[in-house]
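Reading through the structure tokens given below for one structure.
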Amino acid sequence: MNAYIVDPVTVDEWQPCARFTGSPLVERTSIGHALNTKAVARRFAREHGTAYEALRLIVIHMGSGITVSAHRGGRTIDSNSIEEGPFGPDRSGGLPVRALIKLCFSGQYTQAQLDRQVFGDGGLFAYLGTRDLVEVERRIEAGDAQATAVWEAMLYQVPKTRARWPPCSRAMWTRCW
């Protein structure tokens, strides 16, 4: 008996220019919320009477991690990875590289502690002590200025992630995006 995966949890359909980071020592990798983003894109296409493959979309998944992905021709051609983009309920998102290097070599933290701060204890949790968005909303409604500031900062970072597209020069825009 054969088994086939039709809609995998994560998928790598990136275009080549999406892999460059600015350093040949580090390549970007495709890890995102493919099931959710593709499902939302297909639903949007269906609701607008067109084929997903005919659209160019920016799709945002907001969960414990936030994925902002570019879709073209029925493929996810670029997205932020779990190490980039906006912070989420328990992930730090993109951090300033030089500040992170300083933390890594400060002697104050182990690799495991920093890894946990980036994936699991970062984001809203690091600032507010909760991953529960309903709790954050309750705090905001109660006038908690810190909860409001952190929530607004997280939302502010989402469109900044999108701002990197199209990822190529104006002359290459049609080909890349």
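If you're wondering about the labels, chains in the structure tokens are A, B, ... by order shown, residues count from 1 in each chain, ligands from 1 in order shown.
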Enumerate, in order of chain and increasing residue number, the residues of range 72-140 of chain A with an atom no farther than 8 Å from range 50-67 of chain A, each with its shortest atom pair and distance in Å to one decimal, counting only C-alpha atoms, as a tab-separated table.
residue	atom	partner	partner_atom	distance
A:Arg72	CA	A:Arg56	CA	4.5
A:Gly73	CA	A:Glu53	CA	4.0
A:Gly74	CA	A:Glu53	CA	4.0
A:Arg75	CA	A:Glu53	CA	7.6
A:Ser79	CA	A:Thr67	CA	6.7
A:Asn80	CA	A:Thr67	CA	6.0
A:Ser81	CA	A:Thr67	CA	7.2
A:Ile82	CA	A:Gly65	CA	6.8
A:Gly85	CA	A:Ile66	CA	7.6
A:Pro86	CA	A:Ile66	CA	6.6
A:Phe87	CA	A:Ile66	CA	7.2
A:Gly88	CA	A:Gly65	CA	5.2
A:Pro89	CA	A:Ser64	CA	5.1
A:Asp90	CA	A:Ser64	CA	5.9
A:Arg91	CA	A:Gly65	CA	6.1
A:Arg131	CA	A:Ser64	CA	7.9
Next item on the list: as a ChimeraX atom specification, list the residues of range 29-172 of chain A assigned to strand (DSSP E or B) by DSSP on the backbone atoms of this structure.
Entry: /A:56-62,66-72,75-79,91,119
Restricted to N, CA, C and O atoms, what would the selected residues look like written as an mmCIF file, in the first residue's frame?
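Below is the file that was written, part20.cif:
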data_model
loop_
_atom_site.group_PDB
_atom_site.id
_atom_site.type_symbol
_atom_site.label_atom_id
_atom_site.label_comp_id
_atom_site.auth_asym_id
_atom_site.auth_seq_id
_atom_site.Cartn_x
_atom_site.Cartn_y
_atom_site.Cartn_z
ATOM 1 N N ARG A 56 -1.771 36.422 -6.668
ATOM 2 C CA ARG A 56 -0.570 36.789 -5.918
ATOM 3 C C ARG A 56 -1.078 37.357 -4.603
ATOM 4 O O ARG A 56 -1.771 38.367 -4.586
ATOM 5 N N LEU A 57 -0.754 36.676 -3.501
ATOM 6 C CA LEU A 57 -1.314 37.034 -2.206
ATOM 7 C C LEU A 57 -0.240 37.144 -1.139
ATOM 8 O O LEU A 57 0.784 36.474 -1.212
ATOM 9 N N ILE A 58 -0.519 37.954 -0.138
ATOM 10 C CA ILE A 58 0.228 37.950 1.109
ATOM 11 C C ILE A 58 -0.737 37.360 2.128
ATOM 12 O O ILE A 58 -1.840 37.861 2.322
ATOM 13 N N VAL A 59 -0.337 36.256 2.772
ATOM 14 C CA VAL A 59 -1.194 35.560 3.723
ATOM 15 C C VAL A 59 -0.492 35.567 5.079
ATOM 16 O O VAL A 59 0.704 35.271 5.167
ATOM 17 N N ILE A 60 -1.250 35.892 6.120
ATOM 18 C CA ILE A 60 -0.687 35.974 7.466
ATOM 19 C C ILE A 60 -1.361 34.944 8.365
ATOM 20 O O ILE A 60 -2.585 34.907 8.464
ATOM 21 N N HIS A 61 -0.547 34.106 9.001
ATOM 22 C CA HIS A 61 -1.010 33.167 10.022
ATOM 23 C C HIS A 61 -0.572 33.733 11.360
ATOM 24 O O HIS A 61 0.603 34.022 11.567
ATOM 25 N N MET A 62 -1.523 33.894 12.273
ATOM 26 C CA MET A 62 -1.191 34.409 13.600
ATOM 27 C C MET A 62 -1.531 33.351 14.638
ATOM 28 O O MET A 62 -2.688 33.171 14.997
ATOM 29 N N ILE A 66 4.093 33.611 14.052
ATOM 30 C CA ILE A 66 3.391 34.370 13.031
ATOM 31 C C ILE A 66 4.121 34.162 11.709
ATOM 32 O O ILE A 66 5.318 34.439 11.609
ATOM 33 N N THR A 67 3.396 33.652 10.720
ATOM 34 C CA THR A 67 3.957 33.456 9.392
ATOM 35 C C THR A 67 3.329 34.470 8.447
ATOM 36 O O THR A 67 2.106 34.556 8.344
ATOM 37 N N VAL A 68 4.168 35.238 7.773
ATOM 38 C CA VAL A 68 3.738 36.151 6.729
ATOM 39 C C VAL A 68 4.324 35.585 5.443
ATOM 40 O O VAL A 68 5.547 35.507 5.300
ATOM 41 N N SER A 69 3.446 35.142 4.538
ATOM 42 C CA SER A 69 3.933 34.426 3.359
ATOM 43 C C SER A 69 3.432 35.037 2.063
ATOM 44 O O SER A 69 2.315 35.541 1.990
ATOM 45 N N ALA A 70 4.290 34.982 1.052
ATOM 46 C CA ALA A 70 3.959 35.448 -0.292
ATOM 47 C C ALA A 70 3.587 34.228 -1.134
ATOM 48 O O ALA A 70 4.340 33.264 -1.199
ATOM 49 N N HIS A 71 2.417 34.304 -1.771
ATOM 50 C CA HIS A 71 1.927 33.208 -2.609
ATOM 51 C C HIS A 71 1.783 33.711 -4.037
ATOM 52 O O HIS A 71 1.227 34.782 -4.267
ATOM 53 N N ARG A 72 2.269 32.913 -4.970
ATOM 54 C CA ARG A 72 2.142 33.237 -6.397
ATOM 55 C C ARG A 72 1.964 31.930 -7.145
ATOM 56 O O ARG A 72 2.708 30.972 -6.924
ATOM 57 N N ARG A 75 1.765 28.646 -5.189
ATOM 58 C CA ARG A 75 2.949 28.234 -4.436
ATOM 59 C C ARG A 75 3.294 29.303 -3.409
ATOM 60 O O ARG A 75 3.070 30.484 -3.634
ATOM 61 N N THR A 76 3.892 28.877 -2.298
ATOM 62 C CA THR A 76 4.404 29.808 -1.295
ATOM 63 C C THR A 76 5.839 30.114 -1.695
ATOM 64 O O THR A 76 6.732 29.302 -1.484
ATOM 65 N N ILE A 77 6.055 31.282 -2.298
ATOM 66 C CA ILE A 77 7.366 31.597 -2.867
ATOM 67 C C ILE A 77 8.327 32.228 -1.871
ATOM 68 O O ILE A 77 9.529 32.302 -2.120
ATOM 69 N N ASP A 78 7.805 32.699 -0.729
ATOM 70 C CA ASP A 78 8.655 33.282 0.312
ATOM 71 C C ASP A 78 7.827 33.419 1.576
ATOM 72 O O ASP A 78 6.598 33.488 1.521
ATOM 73 N N SER A 79 8.492 33.449 2.704
ATOM 74 C CA SER A 79 7.832 33.708 3.979
ATOM 75 C C SER A 79 8.916 34.003 5.007
ATOM 76 O O SER A 79 10.087 33.728 4.779
ATOM 77 N N ARG A 91 7.199 33.411 20.824
ATOM 78 C CA ARG A 91 8.428 33.409 20.024
ATOM 79 C C ARG A 91 8.934 34.833 19.877
ATOM 80 O O ARG A 91 8.161 35.767 19.723
ATOM 81 N N PHE A 119 12.384 30.577 21.366
ATOM 82 C CA PHE A 119 11.295 29.668 20.986
ATOM 83 C C PHE A 119 10.627 29.095 22.226
ATOM 84 O O PHE A 119 11.038 28.072 22.743
#
Determine, counting only C-alpha atoms, which protein, DNA and RNA residues have an atom within 10 Å of an atom of range 134-137 of chain A; residues of the same chain fewer than 3 positions away are not included. Present the result as an mmCIF file with C-alpha atoms, in the first residue's frame.
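What follows is the written file out_14.cif:
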data_model
loop_
_atom_site.group_PDB
_atom_site.id
_atom_site.type_symbol
_atom_site.label_atom_id
_atom_site.label_comp_id
_atom_site.auth_asym_id
_atom_site.auth_seq_id
_atom_site.Cartn_x
_atom_site.Cartn_y
_atom_site.Cartn_z
ATOM 1 C CA PRO A 89 2.685 34.863 21.768
ATOM 2 C CA LEU A 124 4.211 38.303 24.501
ATOM 3 C CA LEU A 128 3.559 39.947 29.907
ATOM 4 C CA GLY A 129 3.995 36.493 31.451
ATOM 5 C CA THR A 130 1.160 34.989 29.381
ATOM 6 C CA ARG A 131 0.670 33.356 25.983
ATOM 7 C CA ILE A 140 -5.903 45.973 27.494
ATOM 8 C CA GLU A 141 -9.628 46.524 28.153
ATOM 9 C CA ALA A 142 -8.779 47.018 31.856
ATOM 10 C CA GLY A 143 -6.362 49.808 30.921
ATOM 11 C CA ASP A 144 -3.041 47.939 31.240
ATOM 12 C CA GLN A 146 2.135 47.610 29.156
ATOM 13 C CA ALA A 147 -0.234 45.032 27.622
ATOM 14 C CA THR A 148 -1.431 47.659 25.140
ATOM 15 C CA VAL A 150 3.312 45.071 23.701
ATOM 16 C CA TRP A 151 0.189 44.062 21.717
#
Notebook entry, point to check: DSSP says alpha helix (DSSP H) for which residues of range 10-110 of chain A? Put them as a PyMOL selection string?
Noted result: chain A and resi 34-47+97-104
Please, could you write that set of residues out with N, CA, C and O atoms as a PDB file, in the first residue's frame?
ATOM      1  N   ALA A  34       2.226  26.153   6.530  1.00  0.00           N
ATOM      2  CA  ALA A  34       1.750  25.916   5.166  1.00  0.00           C
ATOM      3  C   ALA A  34       0.293  25.480   5.115  1.00  0.00           C
ATOM      4  O   ALA A  34      -0.468  25.946   4.258  1.00  0.00           O
ATOM      5  N   LEU A  35      -0.123  24.560   5.971  1.00  0.00           N
ATOM      6  CA  LEU A  35      -1.514  24.090   5.927  1.00  0.00           C
ATOM      7  C   LEU A  35      -2.487  25.240   6.091  1.00  0.00           C
ATOM      8  O   LEU A  35      -3.443  25.379   5.331  1.00  0.00           O
ATOM      9  N   ASN A  36      -2.252  26.078   7.090  1.00  0.00           N
ATOM     10  CA  ASN A  36      -3.157  27.185   7.357  1.00  0.00           C
ATOM     11  C   ASN A  36      -3.105  28.235   6.259  1.00  0.00           C
ATOM     12  O   ASN A  36      -4.143  28.675   5.767  1.00  0.00           O
ATOM     13  N   THR A  37      -1.903  28.658   5.863  1.00  0.00           N
ATOM     14  CA  THR A  37      -1.810  29.742   4.889  1.00  0.00           C
ATOM     15  C   THR A  37      -2.373  29.322   3.532  1.00  0.00           C
ATOM     16  O   THR A  37      -3.063  30.095   2.879  1.00  0.00           O
ATOM     17  N   LYS A  38      -2.108  28.092   3.118  1.00  0.00           N
ATOM     18  CA  LYS A  38      -2.647  27.623   1.837  1.00  0.00           C
ATOM     19  C   LYS A  38      -4.164  27.443   1.911  1.00  0.00           C
ATOM     20  O   LYS A  38      -4.879  27.754   0.963  1.00  0.00           O
ATOM     21  N   ALA A  39      -4.666  26.968   3.039  1.00  0.00           N
ATOM     22  CA  ALA A  39      -6.114  26.818   3.200  1.00  0.00           C
ATOM     23  C   ALA A  39      -6.805  28.176   3.129  1.00  0.00           C
ATOM     24  O   ALA A  39      -7.844  28.329   2.472  1.00  0.00           O
ATOM     25  N   VAL A  40      -6.236  29.169   3.788  1.00  0.00           N
ATOM     26  CA  VAL A  40      -6.808  30.514   3.762  1.00  0.00           C
ATOM     27  C   VAL A  40      -6.735  31.096   2.352  1.00  0.00           C
ATOM     28  O   VAL A  40      -7.689  31.716   1.875  1.00  0.00           O
ATOM     29  N   ALA A  41      -5.620  30.890   1.663  1.00  0.00           N
ATOM     30  CA  ALA A  41      -5.475  31.394   0.300  1.00  0.00           C
ATOM     31  C   ALA A  41      -6.498  30.742  -0.634  1.00  0.00           C
ATOM     32  O   ALA A  41      -7.119  31.421  -1.470  1.00  0.00           O
ATOM     33  N   ARG A  42      -6.676  29.446  -0.501  1.00  0.00           N
ATOM     34  CA  ARG A  42      -7.670  28.738  -1.341  1.00  0.00           C
ATOM     35  C   ARG A  42      -9.090  29.211  -1.034  1.00  0.00           C
ATOM     36  O   ARG A  42      -9.907  29.377  -1.934  1.00  0.00           O
ATOM     37  N   ARG A  43      -9.364  29.425   0.241  1.00  0.00           N
ATOM     38  CA  ARG A  43     -10.691  29.925   0.618  1.00  0.00           C
ATOM     39  C   ARG A  43     -10.924  31.319   0.047  1.00  0.00           C
ATOM     40  O   ARG A  43     -11.993  31.616  -0.490  1.00  0.00           O
ATOM     41  N   PHE A  44      -9.929  32.184   0.150  1.00  0.00           N
ATOM     42  CA  PHE A  44     -10.041  33.528  -0.412  1.00  0.00           C
ATOM     43  C   PHE A  44     -10.313  33.454  -1.909  1.00  0.00           C
ATOM     44  O   PHE A  44     -11.192  34.147  -2.427  1.00  0.00           O
ATOM     45  N   ALA A  45      -9.568  32.604  -2.615  1.00  0.00           N
ATOM     46  CA  ALA A  45      -9.760  32.455  -4.066  1.00  0.00           C
ATOM     47  C   ALA A  45     -11.180  31.988  -4.372  1.00  0.00           C
ATOM     48  O   ALA A  45     -11.854  32.551  -5.256  1.00  0.00           O
ATOM     49  N   ARG A  46     -11.639  30.982  -3.650  1.00  0.00           N
ATOM     50  CA  ARG A  46     -12.988  30.446  -3.864  1.00  0.00           C
ATOM     51  C   ARG A  46     -14.042  31.525  -3.616  1.00  0.00           C
ATOM     52  O   ARG A  46     -14.975  31.699  -4.407  1.00  0.00           O
ATOM     53  N   GLU A  47     -13.899  32.283  -2.525  1.00  0.00           N
ATOM     54  CA  GLU A  47     -14.867  33.337  -2.189  1.00  0.00           C
ATOM     55  C   GLU A  47     -14.861  34.472  -3.202  1.00  0.00           C
ATOM     56  O   GLU A  47     -15.839  35.211  -3.308  1.00  0.00           O
ATOM     57  N   VAL A  97      20.791  41.259  15.320  1.00  0.00           N
ATOM     58  CA  VAL A  97      21.854  40.252  15.286  1.00  0.00           C
ATOM     59  C   VAL A  97      23.003  40.586  16.235  1.00  0.00           C
ATOM     60  O   VAL A  97      23.452  39.726  16.994  1.00  0.00           O
ATOM     61  N   ARG A  98      23.487  41.806  16.209  1.00  0.00           N
ATOM     62  CA  ARG A  98      24.638  42.143  17.056  1.00  0.00           C
ATOM     63  C   ARG A  98      24.287  42.064  18.536  1.00  0.00           C
ATOM     64  O   ARG A  98      25.089  41.598  19.353  1.00  0.00           O
ATOM     65  N   ALA A  99      23.084  42.473  18.907  1.00  0.00           N
ATOM     66  CA  ALA A  99      22.662  42.362  20.304  1.00  0.00           C
ATOM     67  C   ALA A  99      22.550  40.891  20.715  1.00  0.00           C
ATOM     68  O   ALA A  99      22.934  40.526  21.831  1.00  0.00           O
ATOM     69  N   LEU A 100      22.063  40.047  19.821  1.00  0.00           N
ATOM     70  CA  LEU A 100      21.967  38.620  20.110  1.00  0.00           C
ATOM     71  C   LEU A 100      23.356  37.992  20.254  1.00  0.00           C
ATOM     72  O   LEU A 100      23.588  37.185  21.156  1.00  0.00           O
ATOM     73  N   ILE A 101      24.289  38.396  19.397  1.00  0.00           N
ATOM     74  CA  ILE A 101      25.667  37.890  19.504  1.00  0.00           C
ATOM     75  C   ILE A 101      26.249  38.254  20.868  1.00  0.00           C
ATOM     76  O   ILE A 101      26.871  37.425  21.536  1.00  0.00           O
ATOM     77  N   LYS A 102      26.011  39.491  21.301  1.00  0.00           N
ATOM     78  CA  LYS A 102      26.501  39.911  22.617  1.00  0.00           C
ATOM     79  C   LYS A 102      25.909  39.057  23.732  1.00  0.00           C
ATOM     80  O   LYS A 102      26.609  38.657  24.662  1.00  0.00           O
ATOM     81  N   LEU A 103      24.617  38.782  23.661  1.00  0.00           N
ATOM     82  CA  LEU A 103      23.991  37.915  24.663  1.00  0.00           C
ATOM     83  C   LEU A 103      24.606  36.517  24.647  1.00  0.00           C
ATOM     84  O   LEU A 103      24.874  35.940  25.706  1.00  0.00           O
ATOM     85  N   CYS A 104      24.843  35.993  23.450  1.00  0.00           N
ATOM     86  CA  CYS A 104      25.402  34.642  23.329  1.00  0.00           C
ATOM     87  C   CYS A 104      26.778  34.530  23.980  1.00  0.00           C
ATOM     88  O   CYS A 104      27.124  33.480  24.527  1.00  0.00           O
TER      89      CYS A 104
END
Margin query: Rounded to one decimal, what separation in Å do you get between CA of Gln113 in chain A and CA of Phe20 in chain A?
Written below: 28.2 Å
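Between CA of Ala126 in chain A and CA of Glu27 in chain A the interatomic distance comes to 27.7 Å.
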Next item on the list: Enter the distance from CA of Glu83 in chain A to CA of Leu95 in chain A, in Å, rounded to one decimal.
Entry: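 About the pair CA of Glu83 in chain A and CA of Leu95 in chain A: they are 8.4 Å apart.
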